[in-house]
Amino acid sequence: MPLLHLASSSAGVGQRTGEQQAALANGLAGFAGLIVHRPYIEISTVLERIAHKHASVGVRPEQYQLVHDHLMSAFSEVLGAVASDKLLTAWSELYWLVADALIAKEAELYRLFDIQPGKNWRKWLVVQRVQETERVVSLLLEPADQWPADPFSAGQYVSVAVPLDEWSFQIRQFSISSAPGGNRLRITVERAGTPGRPAGAVSAYLHDQVSLGSVLLLSPPFGELVLDDSNSPLLFVSSGVGVAPLISMLRHLVSTGAERRVMYVHLDSRAADHALRFELEELTAALPGARRVVAYNDLTRAPAGALALPLDFQSLGVPTNARAYLCGPASRMREWRAALVNAGLNPLSIRYEVFSPDLWRTYS
């Protein structure tokens with residue numbers, strides 16, 4: 001379903017709990033709120049991000065009309081007598097303001113990558129599987145055909161389509177956790193779902209049914225949150241599997257011999273849940289002058305120097321002229337952003353990777 005990043009929320013879970021459906025209406029309301037109450041936020045940045053999400057799953061222009069019709073019908077049903085023709089017309093105009101902008105951006109991406117929407121899937125072979133933690137697995141992939149791997153930039157992601165049954169597929173997006181270059185890429189996948197919530201269909205499939213030799217359907221790499229090529233200091237902040245795209249950025253810095261000042265902050269529940277922990281240690285050690293900070297709720301078997309959560313960013317001495325990249329749950333990233341701004345960072349230098357249907361609120 002197009003519009004507002006619905007396809008990339010936790011596959012299966014969002015649809016069964018109603019989160020994806022609610023996200024569509026909430027997203028439209030969020031867009032209106034940003035225009036009215038926060039005009040200083042660069043709306044094009046949000047639209048660019050959504051367009052990349054949509055292009056990665058092959059959204060087509062004609063699908064926007066279907067979503068519009070169902071959305072307006074839902075508004076009319078929920079609002080009842082309040083839903084005057086004038087009100088519904090206003091919401092319809094707002095919807096097409098967003099939709100037309102997304103259609104144009106997606107068409108530009110399809111031209112750029114020379115692909116046809118819905119026909120961009122390619123078979124990849126699983127050549128290595130590593131159980132990073134109890135809930136996180138990494139899959140190393142290479143093309144199952146004779147053609148070279150699709151190039152990507154550090155920080156991008158791919159969509160993975162897995163069969164639910166013989167008639168349908170479910171799609172989920174996963175960050176690439178390997179460095180650009182070469183003929184392979186790696187995705188790092190957390191098993192979705194928590195106690196009391198259904199497991200994510202795609203992540204469960206990748207954890208339980210994929211092994212060496214399995215073949216997966218992947219989209220070309222997409223994503224606008226890529227590592228910039230300036231000489232500014234870098235600040236990375238991650239939580240949970242949010243470490244994945246930032247590890248890709250670190251690997252790129254190491255492989256290119258970058259000398260930029262780097263500070264990496266990772267927050268997690270405990271050391272045993274810290275995916276790619278030893279890679280993080282190795283990569284920061286390989287970068288001249290890089291600084292690594294890890295903090296956990298539970299310090300049992302934590303590495304030397306680990307801090308206890310909550311973390312006071314102001315006490316860390318973060319470089320105030322840094323370009324910051326954040327990846328984790330949307331609610332935590334809003335907290336991090338506020339803390340970093342209080343610590344002296346320019347809000348415009350703070351960027352997010354967002355994988356949730358709560359996209360608009362992240363920018364509020």
# chains A, B, ... in the order shown; residues from 1 in each chain; ligands from 1
$ residues_around --residues "Ala302 in chain A" --least-positions-apart "5" --cutoff "8 Å" --atoms "only C-alpha atoms" --output "PyMOL selection string"
chain A and resi 270-271+296
$ write_last_selection --atoms "N, CA and C atoms" --output "PDB file, in the first residue's frame"
ATOM      1  N   ARG A 270      21.394  -4.768  27.317  1.00  0.00           N
ATOM      2  CA  ARG A 270      22.521  -5.410  27.992  1.00  0.00           C
ATOM      3  C   ARG A 270      23.541  -5.808  26.931  1.00  0.00           C
ATOM      4  N   ALA A 271      24.731  -6.152  27.346  1.00  0.00           N
ATOM      5  CA  ALA A 271      25.794  -6.474  26.399  1.00  0.00           C
ATOM      6  C   ALA A 271      25.430  -7.678  25.536  1.00  0.00           C
ATOM      7  N   TYR A 296      24.256   0.517  28.811  1.00  0.00           N
ATOM      8  CA  TYR A 296      23.254  -0.538  28.915  1.00  0.00           C
ATOM      9  C   TYR A 296      22.370  -0.313  30.140  1.00  0.00           C
TER      10      TYR A 296
END
$ select_by_dssp --residues "range 48-151 of chain A" --states "helix (DSSP H, G or I)" --output "ChimeraX atom specification"
/A:48-56,63-82,85-113
$ atom_distance --atom1 "CA of Leu234 in chain A" --atom2 "CA of Arg260 in chain A"
7.2 Å
$ residues_around --residues "Gly240 in chain A" --least-positions-apart "2" --cutoff "7 Å" --atoms "only C-alpha atoms" --output "list in words"
Ser238, Gly242, Val243, Asp268, His274, Ala275 and Gly328 of chain A
$ residues_around --residues "His52 in chain A" --least-positions-apart "2" --cutoff "10 Å" --atoms "only C-alpha atoms" --output "PyMOL selection string"
chain A and resi 5+47-50+54-58+102+105-106+109-110+156-157+221-225
$ atom_distance --atom1 "CA of Tyr64 in chain A" --atom2 "CA of Ser153 in chain A"
28.9 Å
$ closest_residue --among "A:Lys119, A:Arg186, A:Arg191, A:Arg337" --to "Leu206 in chain A" --atoms "only C-alpha atoms"
A:Arg191
$ closest_residue --among "A:Asp229, A:Glu134, A:Glu166, A:Asp150" --to "Glu259 in chain A" --atoms "only C-alpha atoms"
A:Asp229
$ closest_residue --among "A:Ala258, A:Ser219, A:Leu88, A:Pro61" --to "Phe113 in chain A" --atoms "only C-alpha atoms"
A:Ser219
$ select_by_dssp --residues "range 17-233 of chain A" --states "strand (DSSP E or B)" --output "MDAnalysis selection string"
chainID A and resid 122:131 136:143 157:163 169:176 185:190 215:218 222
$ residues_around --residues "range 173-183 of chain A" --least-positions-apart "5" --cutoff "9 Å" --atoms "only C-alpha atoms" --output "PDB file with N, CA and C atoms, in the first residue's frame"
ATOM      1  N   ALA A   7       4.521   0.162   3.775  1.00  0.00           N
ATOM      2  CA  ALA A   7       5.062  -1.150   3.435  1.00  0.00           C
ATOM      3  C   ALA A   7       6.299  -1.495   4.226  1.00  0.00           C
ATOM      4  N   SER A   8       6.973  -0.505   4.771  1.00  0.00           N
ATOM      5  CA  SER A   8       8.235  -0.787   5.441  1.00  0.00           C
ATOM      6  C   SER A   8       8.114  -0.913   6.947  1.00  0.00           C
ATOM      7  N   SER A   9       6.904  -0.763   7.492  1.00  0.00           N
ATOM      8  CA  SER A   9       6.777  -1.022   8.925  1.00  0.00           C
ATOM      9  C   SER A   9       6.810  -2.520   9.155  1.00  0.00           C
ATOM     10  N   SER A  10       6.819  -2.937  10.401  1.00  0.00           N
ATOM     11  CA  SER A  10       7.065  -4.349  10.697  1.00  0.00           C
ATOM     12  C   SER A  10       6.040  -5.222  10.000  1.00  0.00           C
ATOM     13  N   ALA A  11       6.503  -5.969   9.021  1.00  0.00           N
ATOM     14  CA  ALA A  11       5.615  -6.690   8.122  1.00  0.00           C
ATOM     15  C   ALA A  11       4.747  -7.670   8.878  1.00  0.00           C
ATOM     16  N   LYS A  53      11.446   4.755   0.180  1.00  0.00           N
ATOM     17  CA  LYS A  53      10.789   3.564   0.721  1.00  0.00           C
ATOM     18  C   LYS A  53       9.823   2.979  -0.318  1.00  0.00           C
ATOM     19  N   SER A  56      11.499   1.345  -3.361  1.00  0.00           N
ATOM     20  CA  SER A  56      12.137   0.061  -3.059  1.00  0.00           C
ATOM     21  C   SER A  56      11.150  -1.093  -3.099  1.00  0.00           C
ATOM     22  N   VAL A  57       9.854  -0.810  -2.970  1.00  0.00           N
ATOM     23  CA  VAL A  57       8.853  -1.878  -3.042  1.00  0.00           C
ATOM     24  C   VAL A  57       8.036  -1.789  -4.337  1.00  0.00           C
ATOM     25  N   SER A 138      22.537 -12.108  11.027  1.00  0.00           N
ATOM     26  CA  SER A 138      23.078 -11.459   9.833  1.00  0.00           C
ATOM     27  C   SER A 138      23.119 -12.472   8.696  1.00  0.00           C
ATOM     28  N   LEU A 140      24.621 -12.938   4.826  1.00  0.00           N
ATOM     29  CA  LEU A 140      25.489 -12.471   3.754  1.00  0.00           C
ATOM     30  C   LEU A 140      24.944 -13.019   2.433  1.00  0.00           C
ATOM     31  N   LEU A 141      24.776 -12.139   1.457  1.00  0.00           N
ATOM     32  CA  LEU A 141      24.097 -12.491   0.216  1.00  0.00           C
ATOM     33  C   LEU A 141      24.953 -12.152  -1.000  1.00  0.00           C
ATOM     34  N   GLU A 142      24.794 -12.942  -2.055  1.00  0.00           N
ATOM     35  CA  GLU A 142      25.404 -12.615  -3.335  1.00  0.00           C
ATOM     36  C   GLU A 142      24.382 -12.918  -4.438  1.00  0.00           C
ATOM     37  N   PRO A 143      24.491 -12.265  -5.596  1.00  0.00           N
ATOM     38  CA  PRO A 143      23.515 -12.483  -6.663  1.00  0.00           C
ATOM     39  C   PRO A 143      23.441 -13.953  -7.069  1.00  0.00           C
ATOM     40  N   PRO A 148      26.637  -8.616 -11.924  1.00  0.00           N
ATOM     41  CA  PRO A 148      27.258  -8.031 -10.724  1.00  0.00           C
ATOM     42  C   PRO A 148      26.214  -7.558  -9.726  1.00  0.00           C
ATOM     43  N   ALA A 149      26.623  -7.441  -8.490  1.00  0.00           N
ATOM     44  CA  ALA A 149      25.728  -6.927  -7.453  1.00  0.00           C
ATOM     45  C   ALA A 149      25.382  -5.476  -7.727  1.00  0.00           C
ATOM     46  N   ASP A 150      24.200  -5.079  -7.294  1.00  0.00           N
ATOM     47  CA  ASP A 150      23.809  -3.678  -7.426  1.00  0.00           C
ATOM     48  C   ASP A 150      24.671  -2.817  -6.506  1.00  0.00           C
ATOM     49  N   PRO A 151      25.209  -1.715  -6.989  1.00  0.00           N
ATOM     50  CA  PRO A 151      26.006  -0.837  -6.128  1.00  0.00           C
ATOM     51  C   PRO A 151      25.124  -0.159  -5.081  1.00  0.00           C
ATOM     52  N   PHE A 152      25.704   0.192  -3.953  1.00  0.00           N
ATOM     53  CA  PHE A 152      24.954   0.907  -2.921  1.00  0.00           C
ATOM     54  C   PHE A 152      25.879   1.851  -2.186  1.00  0.00           C
ATOM     55  N   SER A 153      25.283   2.754  -1.440  1.00  0.00           N
ATOM     56  CA  SER A 153      26.033   3.695  -0.610  1.00  0.00           C
ATOM     57  C   SER A 153      25.845   3.316   0.856  1.00  0.00           C
ATOM     58  N   ALA A 154      26.848   3.616   1.667  1.00  0.00           N
ATOM     59  CA  ALA A 154      26.776   3.296   3.093  1.00  0.00           C
ATOM     60  C   ALA A 154      25.576   4.001   3.720  1.00  0.00           C
ATOM     61  N   GLY A 155      24.717   3.211   4.368  1.00  0.00           N
ATOM     62  CA  GLY A 155      23.519   3.746   4.996  1.00  0.00           C
ATOM     63  C   GLY A 155      22.237   3.335   4.306  1.00  0.00           C
ATOM     64  N   GLN A 156      22.326   2.733   3.114  1.00  0.00           N
ATOM     65  CA  GLN A 156      21.121   2.363   2.373  1.00  0.00           C
ATOM     66  C   GLN A 156      20.568   1.010   2.833  1.00  0.00           C
ATOM     67  N   TYR A 157      19.422   0.644   2.271  1.00  0.00           N
ATOM     68  CA  TYR A 157      18.730  -0.583   2.649  1.00  0.00           C
ATOM     69  C   TYR A 157      18.202  -1.285   1.404  1.00  0.00           C
ATOM     70  N   VAL A 158      17.734  -2.510   1.577  1.00  0.00           N
ATOM     71  CA  VAL A 158      17.045  -3.243   0.519  1.00  0.00           C
ATOM     72  C   VAL A 158      15.700  -3.701   1.061  1.00  0.00           C
ATOM     73  N   SER A 159      14.750  -3.901   0.159  1.00  0.00           N
ATOM     74  CA  SER A 159      13.495  -4.552   0.519  1.00  0.00           C
ATOM     75  C   SER A 159      13.645  -6.039   0.260  1.00  0.00           C
ATOM     76  N   VAL A 160      13.112  -6.838   1.159  1.00  0.00           N
ATOM     77  CA  VAL A 160      13.127  -8.295   1.016  1.00  0.00           C
ATOM     78  C   VAL A 160      11.683  -8.779   0.941  1.00  0.00           C
ATOM     79  N   ALA A 161      11.378  -9.567  -0.084  1.00  0.00           N
ATOM     80  CA  ALA A 161      10.031 -10.111  -0.265  1.00  0.00           C
ATOM     81  C   ALA A 161      10.068 -11.603   0.019  1.00  0.00           C
ATOM     82  N   THR A 188      21.247  -7.288   8.427  1.00  0.00           N
ATOM     83  CA  THR A 188      21.200  -7.711   9.821  1.00  0.00           C
ATOM     84  C   THR A 188      19.776  -7.536  10.305  1.00  0.00           C
ATOM     85  N   VAL A 189      19.152  -8.630  10.745  1.00  0.00           N
ATOM     86  CA  VAL A 189      17.708  -8.698  10.949  1.00  0.00           C
ATOM     87  C   VAL A 189      17.373  -9.023  12.397  1.00  0.00           C
ATOM     88  N   PRO A 221      19.202  -1.460  -3.891  1.00  0.00           N
ATOM     89  CA  PRO A 221      19.376  -0.627  -2.695  1.00  0.00           C
ATOM     90  C   PRO A 221      18.759   0.764  -2.894  1.00  0.00           C
ATOM     91  N   GLY A 242      19.475  -0.899  15.170  1.00  0.00           N
ATOM     92  CA  GLY A 242      19.793   0.363  14.508  1.00  0.00           C
ATOM     93  C   GLY A 242      21.277   0.526  14.258  1.00  0.00           C
ATOM     94  N   VAL A 243      22.078  -0.343  14.849  1.00  0.00           N
ATOM     95  CA  VAL A 243      23.522  -0.317  14.613  1.00  0.00           C
ATOM     96  C   VAL A 243      23.855  -0.672  13.166  1.00  0.00           C
ATOM     97  N   ALA A 244      22.971  -1.406  12.465  1.00  0.00           N
ATOM     98  CA  ALA A 244      23.303  -1.976  11.149  1.00  0.00           C
ATOM     99  C   ALA A 244      23.752  -0.951  10.107  1.00  0.00           C
ATOM    100  N   PRO A 245      22.942   0.087   9.772  1.00  0.00           N
ATOM    101  CA  PRO A 245      23.396   1.014   8.732  1.00  0.00           C
ATOM    102  C   PRO A 245      24.609   1.839   9.154  1.00  0.00           C
ATOM    103  N   LEU A 246      24.753   2.052  10.468  1.00  0.00           N
ATOM    104  CA  LEU A 246      25.887   2.838  10.944  1.00  0.00           C
ATOM    105  C   LEU A 246      27.176   2.022  10.913  1.00  0.00           C
ATOM    106  N   ILE A 247      27.059   0.707  11.085  1.00  0.00           N
ATOM    107  CA  ILE A 247      28.216  -0.166  10.909  1.00  0.00           C
ATOM    108  C   ILE A 247      28.675  -0.119   9.455  1.00  0.00           C
ATOM    109  N   SER A 248      27.728  -0.067   8.524  1.00  0.00           N
ATOM    110  CA  SER A 248      28.080   0.064   7.109  1.00  0.00           C
ATOM    111  C   SER A 248      28.875   1.342   6.877  1.00  0.00           C
ATOM    112  N   MET A 249      28.454   2.436   7.523  1.00  0.00           N
ATOM    113  CA  MET A 249      29.169   3.701   7.385  1.00  0.00           C
ATOM    114  C   MET A 249      30.572   3.599   7.977  1.00  0.00           C
ATOM    115  N   LEU A 250      30.678   2.963   9.157  1.00  0.00           N
ATOM    116  CA  LEU A 250      32.002   2.789   9.764  1.00  0.00           C
ATOM    117  C   LEU A 250      32.910   1.964   8.860  1.00  0.00           C
ATOM    118  N   ARG A 251      32.388   0.881   8.309  1.00  0.00           N
ATOM    119  CA  ARG A 251      33.189   0.033   7.425  1.00  0.00           C
ATOM    120  C   ARG A 251      33.665   0.821   6.202  1.00  0.00           C
ATOM    121  N   HIS A 252      32.803   1.683   5.688  1.00  0.00           N
ATOM    122  CA  HIS A 252      33.197   2.508   4.541  1.00  0.00           C
ATOM    123  C   HIS A 252      34.314   3.466   4.929  1.00  0.00           C
ATOM    124  N   LEU A 253      34.212   4.064   6.104  1.00  0.00           N
ATOM    125  CA  LEU A 253      35.256   4.980   6.574  1.00  0.00           C
ATOM    126  C   LEU A 253      36.594   4.259   6.707  1.00  0.00           C
ATOM    127  N   SER A 255      37.520   1.387   5.178  1.00  0.00           N
ATOM    128  CA  SER A 255      38.013   0.893   3.893  1.00  0.00           C
ATOM    129  C   SER A 255      38.566   2.003   3.013  1.00  0.00           C
ATOM    130  N   PHE A 355      12.477   3.481  10.467  1.00  0.00           N
ATOM    131  CA  PHE A 355      11.766   2.303   9.979  1.00  0.00           C
ATOM    132  C   PHE A 355      10.560   2.067  10.878  1.00  0.00           C
TER     133      PHE A 355
END
$ atom_distance --atom1 "CA of Val237 in chain A" --atom2 "CA of Tyr205 in chain A"
28.5 Å
$ closest_residue --among "A:Leu340, A:Val162, A:Ala295, A:Ile171" --to "Gly317 in chain A" --atoms "only C-alpha atoms"
A:Leu340
$ residues_around --residues "Pro233 in chain A" --least-positions-apart "3" --cutoff "12 Å" --atoms "only C-alpha atoms" --output "ChimeraX atom specification"
/A:227-230,236,258-264,289-291,318-325,345,349
$ residues_around --residues "Ser76 in chain A" --least-positions-apart "5" --cutoff "12 Å" --atoms "only C-alpha atoms" --output "JSON, numbers by chain"
{"A": [69, 70, 71, 81, 82, 83, 84, 85, 86, 87, 88, 89, 91, 92]}
$ write_last_selection --atoms "N, CA and C atoms" --output "mmCIF file, in the first residue's frame"
data_model
loop_
_atom_site.group_PDB
_atom_site.id
_atom_site.type_symbol
_atom_site.label_atom_id
_atom_site.label_comp_id
_atom_site.auth_asym_id
_atom_site.auth_seq_id
_atom_site.Cartn_x
_atom_site.Cartn_y
_atom_site.Cartn_z
ATOM 1 N N ASP A 69 -9.237 6.668 -2.299
ATOM 2 C CA ASP A 69 -10.654 6.332 -2.218
ATOM 3 C C ASP A 69 -10.979 5.650 -0.893
ATOM 4 N N HIS A 70 -10.137 4.722 -0.460
ATOM 5 C CA HIS A 70 -10.371 4.039 0.802
ATOM 6 C C HIS A 70 -10.202 4.978 1.985
ATOM 7 N N LEU A 71 -9.236 5.880 1.896
ATOM 8 C CA LEU A 71 -8.998 6.815 2.988
ATOM 9 C C LEU A 71 -10.166 7.777 3.159
ATOM 10 N N ALA A 81 -21.449 12.679 10.790
ATOM 11 C CA ALA A 81 -22.101 13.924 10.375
ATOM 12 C C ALA A 81 -21.126 15.089 10.279
ATOM 13 N N VAL A 82 -19.996 14.988 10.960
ATOM 14 C CA VAL A 82 -19.004 16.075 10.923
ATOM 15 C C VAL A 82 -18.325 16.141 9.552
ATOM 16 N N ALA A 83 -18.343 15.028 8.831
ATOM 17 C CA ALA A 83 -17.630 14.945 7.552
ATOM 18 C C ALA A 83 -18.424 15.633 6.440
ATOM 19 N N SER A 84 -18.382 16.944 6.450
ATOM 20 C CA SER A 84 -19.055 17.709 5.394
ATOM 21 C C SER A 84 -18.304 17.579 4.084
ATOM 22 N N ASP A 85 -18.957 17.910 2.988
ATOM 23 C CA ASP A 85 -18.302 17.868 1.676
ATOM 24 C C ASP A 85 -17.085 18.785 1.656
ATOM 25 N N LYS A 86 -17.190 19.930 2.311
ATOM 26 C CA LYS A 86 -16.088 20.883 2.341
ATOM 27 C C LYS A 86 -14.896 20.302 3.075
ATOM 28 N N LEU A 87 -15.147 19.626 4.214
ATOM 29 C CA LEU A 87 -14.064 19.042 4.992
ATOM 30 C C LEU A 87 -13.381 17.916 4.218
ATOM 31 N N LEU A 88 -14.178 17.026 3.627
ATOM 32 C CA LEU A 88 -13.599 15.911 2.881
ATOM 33 C C LEU A 88 -12.841 16.402 1.659
ATOM 34 N N THR A 89 -13.327 17.464 1.036
ATOM 35 C CA THR A 89 -12.614 18.030 -0.114
ATOM 36 C C THR A 89 -11.252 18.584 0.303
ATOM 37 N N TRP A 91 -9.392 17.558 2.877
ATOM 38 C CA TRP A 91 -8.493 16.431 3.136
ATOM 39 C C TRP A 91 -8.071 15.760 1.836
ATOM 40 N N SER A 92 -8.968 15.695 0.882
ATOM 41 C CA SER A 92 -8.625 15.112 -0.422
ATOM 42 C C SER A 92 -7.545 15.939 -1.117
#
$ decode --residues "range 128-145 of chain A" --atoms "N, CA and C atoms" --output "mmCIF file, in the first residue's frame"
data_model
loop_
_atom_site.group_PDB
_atom_site.id
_atom_site.type_symbol
_atom_site.label_atom_id
_atom_site.label_comp_id
_atom_site.auth_asym_id
_atom_site.auth_seq_id
_atom_site.Cartn_x
_atom_site.Cartn_y
_atom_site.Cartn_z
ATOM 1 N N GLN A 128 26.194 -16.989 3.823
ATOM 2 C CA GLN A 128 26.654 -17.065 5.213
ATOM 3 C C GLN A 128 25.543 -16.594 6.128
ATOM 4 N N ARG A 129 25.442 -17.251 7.270
ATOM 5 C CA ARG A 129 24.433 -16.874 8.271
ATOM 6 C C ARG A 129 25.126 -16.825 9.629
ATOM 7 N N VAL A 130 24.987 -15.701 10.333
ATOM 8 C CA VAL A 130 25.618 -15.536 11.648
ATOM 9 C C VAL A 130 24.554 -15.112 12.653
ATOM 10 N N GLN A 131 24.422 -15.876 13.717
ATOM 11 C CA GLN A 131 23.500 -15.524 14.793
ATOM 12 C C GLN A 131 24.210 -14.523 15.706
ATOM 13 N N GLU A 132 23.886 -13.256 15.554
ATOM 14 C CA GLU A 132 24.590 -12.204 16.296
ATOM 15 C C GLU A 132 24.211 -12.192 17.772
ATOM 16 N N THR A 133 22.911 -12.265 18.040
ATOM 17 C CA THR A 133 22.387 -12.345 19.411
ATOM 18 C C THR A 133 21.191 -13.285 19.364
ATOM 19 N N GLU A 134 20.537 -13.439 20.495
ATOM 20 C CA GLU A 134 19.368 -14.323 20.545
ATOM 21 C C GLU A 134 18.301 -13.895 19.553
ATOM 22 N N ARG A 135 18.169 -12.576 19.298
ATOM 23 C CA ARG A 135 17.091 -12.066 18.447
ATOM 24 C C ARG A 135 17.578 -11.428 17.151
ATOM 25 N N VAL A 136 18.864 -11.471 16.871
ATOM 26 C CA VAL A 136 19.403 -10.795 15.682
ATOM 27 C C VAL A 136 20.274 -11.763 14.891
ATOM 28 N N VAL A 137 20.041 -11.813 13.573
ATOM 29 C CA VAL A 137 20.828 -12.658 12.685
ATOM 30 C C VAL A 137 21.325 -11.817 11.517
ATOM 31 N N SER A 138 22.537 -12.108 11.027
ATOM 32 C CA SER A 138 23.078 -11.459 9.833
ATOM 33 C C SER A 138 23.119 -12.472 8.696
ATOM 34 N N LEU A 139 22.706 -12.032 7.514
ATOM 35 C CA LEU A 139 22.709 -12.877 6.325
ATOM 36 C C LEU A 139 23.591 -12.220 5.270
ATOM 37 N N LEU A 140 24.621 -12.938 4.826
ATOM 38 C CA LEU A 140 25.489 -12.471 3.754
ATOM 39 C C LEU A 140 24.944 -13.019 2.433
ATOM 40 N N LEU A 141 24.776 -12.139 1.457
ATOM 41 C CA LEU A 141 24.097 -12.491 0.216
ATOM 42 C C LEU A 141 24.953 -12.152 -1.000
ATOM 43 N N GLU A 142 24.794 -12.942 -2.055
ATOM 44 C CA GLU A 142 25.404 -12.615 -3.335
ATOM 45 C C GLU A 142 24.382 -12.918 -4.438
ATOM 46 N N PRO A 143 24.491 -12.265 -5.596
ATOM 47 C CA PRO A 143 23.515 -12.483 -6.663
ATOM 48 C C PRO A 143 23.441 -13.953 -7.069
ATOM 49 N N ALA A 144 22.210 -14.426 -7.290
ATOM 50 C CA ALA A 144 22.022 -15.805 -7.731
ATOM 51 C C ALA A 144 22.118 -15.930 -9.243
ATOM 52 N N ASP A 145 22.270 -14.796 -9.938
ATOM 53 C CA ASP A 145 22.441 -14.820 -11.389
ATOM 54 C C ASP A 145 23.894 -14.483 -11.723
#
